[in-house]
Structure formats: structure tokens, C-alpha cells
There are 2 protein chains.
Amino acid sequence: MSTKTKILDAAEILFADKGFNGTSLREITGQAEVNLAAVNYHFGSKKELIKAVMSRYMNELSPRLELSLNSLCLEERQPTLIDVFSAFIEPLLHLNSFKENGTTIFLQLLGRGYTDSQGFLRWFLTTQYPGVITSFTQAVRKAYPELSAEEMFWRLHFTMGTIVFTMSSSDALIDIAQNDFDRHVDIAGVIKQVIPYVAAGVGAPIVR
Amino acid sequence: MSTKTKILDAAEILFADKGFNGTSLREITGQAEVNLAAVNYHFGSKKELIKAVMSRYMNELSPRLELSLNSLCLEERQPTLIDVFSAFIEPLLHLNSFKENGTTIFLQLLGRGYTDSQGFLRWFLTTQYPGVITSFTQAVRKAYPELSAEEMFWRLHFTMGTIVFTMSSSDALIDIAQNDFDRHVDIAGVIKQVIPYVAAGVGAPIVR
DNA sequence: AGCTACTTTAAACGTGTGTTTGAATTGTTA
DNA sequence: TAACAATTCAAACACACGTTTAAAGTAGCT
């Protein structure tokens, strides 16, 4: 396996677990069993490494996600919000066949990126992958056309928060749930729980 | 004003803005115009300072919040979930008279605490202020008794995520909203938007 | 083999971090 | 005023960080 790949593989797990700021290059190169200087040689800087880690997942996810969301808009009938959010399931879970625990890792990375590093990752994602966002908002608009642009703006950010926050601490939450309720829980189970929640939230009656 | 207070005042703003890991003691003491060593002298360590910052707010908030939630449980009639979440409004906005922008600062701190520092703040809050959590779950149970303990567990964490994530980036979101929709938005406005969302989310039909 | 380009390596650099130290200063009590 | 405790202060400590450097090693090609 190439040094570049070894670094990416080690970095994504550590980043997901301890955040971008909380992970040092020495930890990453130690885990990857490569020399410390390899990161700066292959990626230029830590910031560029972070981008590379995120891009590897986004390039895998975004085409499938856009396809899935756009197909909703092409259908004749009006989709429900459950349909819209369910469109995320297959593309997200596909990351598991792309990489072991890929879904969890990616969602945790997303959570880290939105709170670490003063939102530079938000800028990176919205500018580098704008197609996903427009596909998503169009699907929501078709499912709930009464929602004004401003209300949609807020509700989509609330949804982002729900997903991202839940997933960034999903390991801890799954542990608690397994102990308290004595049954197996995995990331797919969490996704199935969260969909009715966010669908109902976005579909809440309009306040006036 | 005492050195201790000057440190707390400077620290909470910097912590809210840049996170706990992202803020150095030198920034804090510089802003507070006190000597660097004062933090370790008065608080012992940076970790203890973080606890002190959070405690100052929690001690102001938690009695009012518990009172507000418990009064719902004492009423005869069954509260709606809107009632339950609206019970947060007055105690939260009261932080603004306790301190300038207190509501925003506190909610941002809460958001930081849940993602920074690998969840030690989650442990701190749940062990030091368990009354708030039990009052809250009892109120939700009264409003929606059909919800199983497990479903409630997940939905309350989703709600926590919605609130905490939204507020930790509320400054950026409010800026975007003001530009895009050309109208004034403040923290009270965001709270009014988020309540129907989380109420509908928690109140979503049960999946089987 | 010899040349070239790429990659790896150990070591150091400069900077920033939380914390500690011991002397100087201030405040309090007798 | 004298003695004592509490606080402030500048300086240093030990360590971890991201990055850079220059030498050593490796591969492919003529």
C-alpha cells in the first residue's frame, strides 16, 4: 500500500475520533508507520491533508447522493419528506463497502469539520460540492412547497445539526444505548431512528 | 472587578468563539488584562477554568429551568411538546439579563463542550446537574407517554444535537440569514424557529 | 554501471502551549 | 509599625506542535 494511502487511512480514523485539532501529525504517522515528514512531502500541510481525507469520501458519496435525490425530482408524484431523507440511506451505507465503517467515519468527520477549525470545512464543502446542496433543497421544495426559503434555510441547518452532532458522538451514544437497553445498535439503526425525526422536524407546521 | 471575574468574563467569550482547545491561556489573560499565572493561581488548571465558566451559567440556569419544567408536570392537563420546549425560553433568555449576550454565549459553550475535549463536559454536566435531565424527560413523558424509553433516548439526543449545533454556529448562521433574507434575526428568533422543529421531531410517529 | 527523479529518513528548527517558580507587591491583622 | 497572608508579576520550564532541511536510499531508464 502506498505511503499516501497509509497516511489517509490512519488520519481519517484519528480525525474522526479526536477531531482535526486534537490529532497531531506524529500520531498519524506513528499509526501509519511512516515517517513524520511524509505528510508534508505528499500533502504539503496538515490543512491539505484534512481536505484530502474529506475529498476521498465526498468523491465517493456525492455522485450517488445527487443521483438519488435528483431521481426524486424527476418522478411524477410528490415525494414525502421521509422519501427525501431516505434517499440518503443507500449512498451513505454504500460507504461501508467502500471502506470498513466508512459511514460512521464519514459522518463523524463531517461533525468534526463543522465545529473544529472555525468553519473552514463548511466553506470547503459548500464551494467544492455545491451540487449536493442544490439537489437536496430542490427535493425538499418538491416535498413541501409551502415552506418559505427562509424557513427552509433554518430547518435544513437544524437537520444538519441533528445529523452531524449525533454522528460525531455516535460511538458514545451507541455504547450508552447498548448498555441501557440491552440490544445491539449500529450506525444503520441510528440512521433509521433519525429519519422520522428530521422528516417530522422539516415538515413541522409553519409558524406565523 | 476581581481578577477571577475578569478571567471568567474573558474566557467565556473566547471559549464560545474558538472552542476550548482553540483558546490559549495567553489569549484569555491578555484579553482580561491580568497576568498569565493568574489562571493557575485562581483556578488550578485550564480544565478547572472550563468547569468554572460552565458552572457560573449552569448555576444561574438550572434552578429556573427545573422549576419551569416541573411546573408542567404538576399541572392537571397534558402538555403539548410545544409547551415542553417553550418551557426553555424564559430560563434561557433570562441569561441575557444575567450577562450581555448570555443566552448566545451559554449555548455556544454548550456546543463547544459536546464536541471539544472528547465529551468530558458531557460527563461533567450529567453528573453535576442531573436534575435538569430528569425534569426534562419527565415532562416529555407526560406530553408523549407512548414513546418508549429507547425512542425517547434517541430523540432527546437528536434534539440536543439540533440545539447545540445550531447555537454553536449561530453567529455564522444569523449572518447568512440576515444577508440572504434581508431582515433582522437574533437569538430569540432562532429559538422561536427551532421549537416547532424539535417538537415535531420528538413528536414524530413511532416507527415499527 | 551511471544517471535521474522520486521517496524516505533522522534531525533540527521555530513557535506556542500549560504549568511552575520565586521574588516583588499589595492587603489585612495585631 | 511590624508581621503575616494573599496576590501579582516576569521569567523560565518542559513539552508538543507543524514544518523544513539535507543526506540517504530506492526505483526506472539508457
# chains A, B, ... in the order shown; residues from 1 in each chain; ligands from 1
>>> closest_atom_pairs(of="chain D", to="chain B", cutoff="10 Å", atoms="only C-alpha atoms (C1' of nucleotides)", output="JSON lines")
{"residue": "D:DT7", "atom": "C1'", "partner": "B:Ala38", "partner_atom": "CA", "distance": 8.9}
{"residue": "D:DT8", "atom": "C1'", "partner": "B:Asn35", "partner_atom": "CA", "distance": 7.2}
{"residue": "D:DC9", "atom": "C1'", "partner": "B:Asn35", "partner_atom": "CA", "distance": 6.8}
{"residue": "D:DA10", "atom": "C1'", "partner": "B:Asn35", "partner_atom": "CA", "distance": 9.3}
>>> write_last_selection(atoms="C-alpha atoms (C1' of nucleotides)", output="short mmCIF file (atom, residue, chain, number, x, y, z; two decimals), in the first residue's frame")
data_model
loop_
_atom_site.label_atom_id
_atom_site.label_comp_id
_atom_site.auth_asym_id
_atom_site.auth_seq_id
_atom_site.Cartn_x
_atom_site.Cartn_y
_atom_site.Cartn_z
"C1'" DT D 7 -1.98 38.20 45.32
"C1'" DT D 8 0.61 39.73 41.28
"C1'" DC D 9 4.43 39.53 38.29
"C1'" DA D 10 8.30 38.39 34.98
#
>>> interface_residues(of="chain B", to="chain A", cutoff="7 Å", atoms="only C-alpha atoms", output="list of chain:residue names")
B:Lys18, B:Gln118, B:Glu150, B:Phe158, B:Thr159, B:Gly161, B:Thr162, B:Phe165, B:Thr166, B:Phe181, B:Pro196, B:Tyr197, B:Val198, B:Ala200, B:Gly201, B:Val202, B:Ala204
>>> interface_residues(of="chain B", to="chain C", cutoff="9 Å", atoms="only C-alpha atoms (C1' of nucleotides)", output="number ranges by chain")
B: 24-25, 37, 40, 45-46
>>> write_last_selection(atoms="N, CA and C atoms", output="tab-separated table (two decimals), in the first residue's frame")
chain	number	residue	atom	x	y	z
B	24	SER	N	-6.07	29.76	23.98
B	24	SER	CA	-4.93	29.59	24.88
B	24	SER	C	-5.09	30.48	26.12
B	25	LEU	N	-4.42	30.07	27.17
B	25	LEU	CA	-4.46	30.88	28.40
B	25	LEU	C	-3.87	32.26	28.17
B	37	ALA	N	-0.06	33.83	34.92
B	37	ALA	CA	-0.09	32.85	36.00
B	37	ALA	C	-1.36	32.92	36.83
B	40	ASN	N	-3.75	29.78	36.72
B	40	ASN	CA	-3.37	28.62	37.53
B	40	ASN	C	-3.43	28.95	39.02
B	45	SER	N	-6.00	24.95	37.05
B	45	SER	CA	-5.62	24.47	35.73
B	45	SER	C	-6.62	24.98	34.71
B	46	LYS	N	-6.32	24.76	33.44
B	46	LYS	CA	-7.23	25.19	32.38
B	46	LYS	C	-8.54	24.41	32.46
>>> atom_distance(atom1="atom CA of A:Gln138", atom2="atom CA of A:Cys73")
7.4 Å
>>> atom_distance(atom1="atom CA of A:Ser71", atom2="atom CA of A:Leu125")
22.4 Å
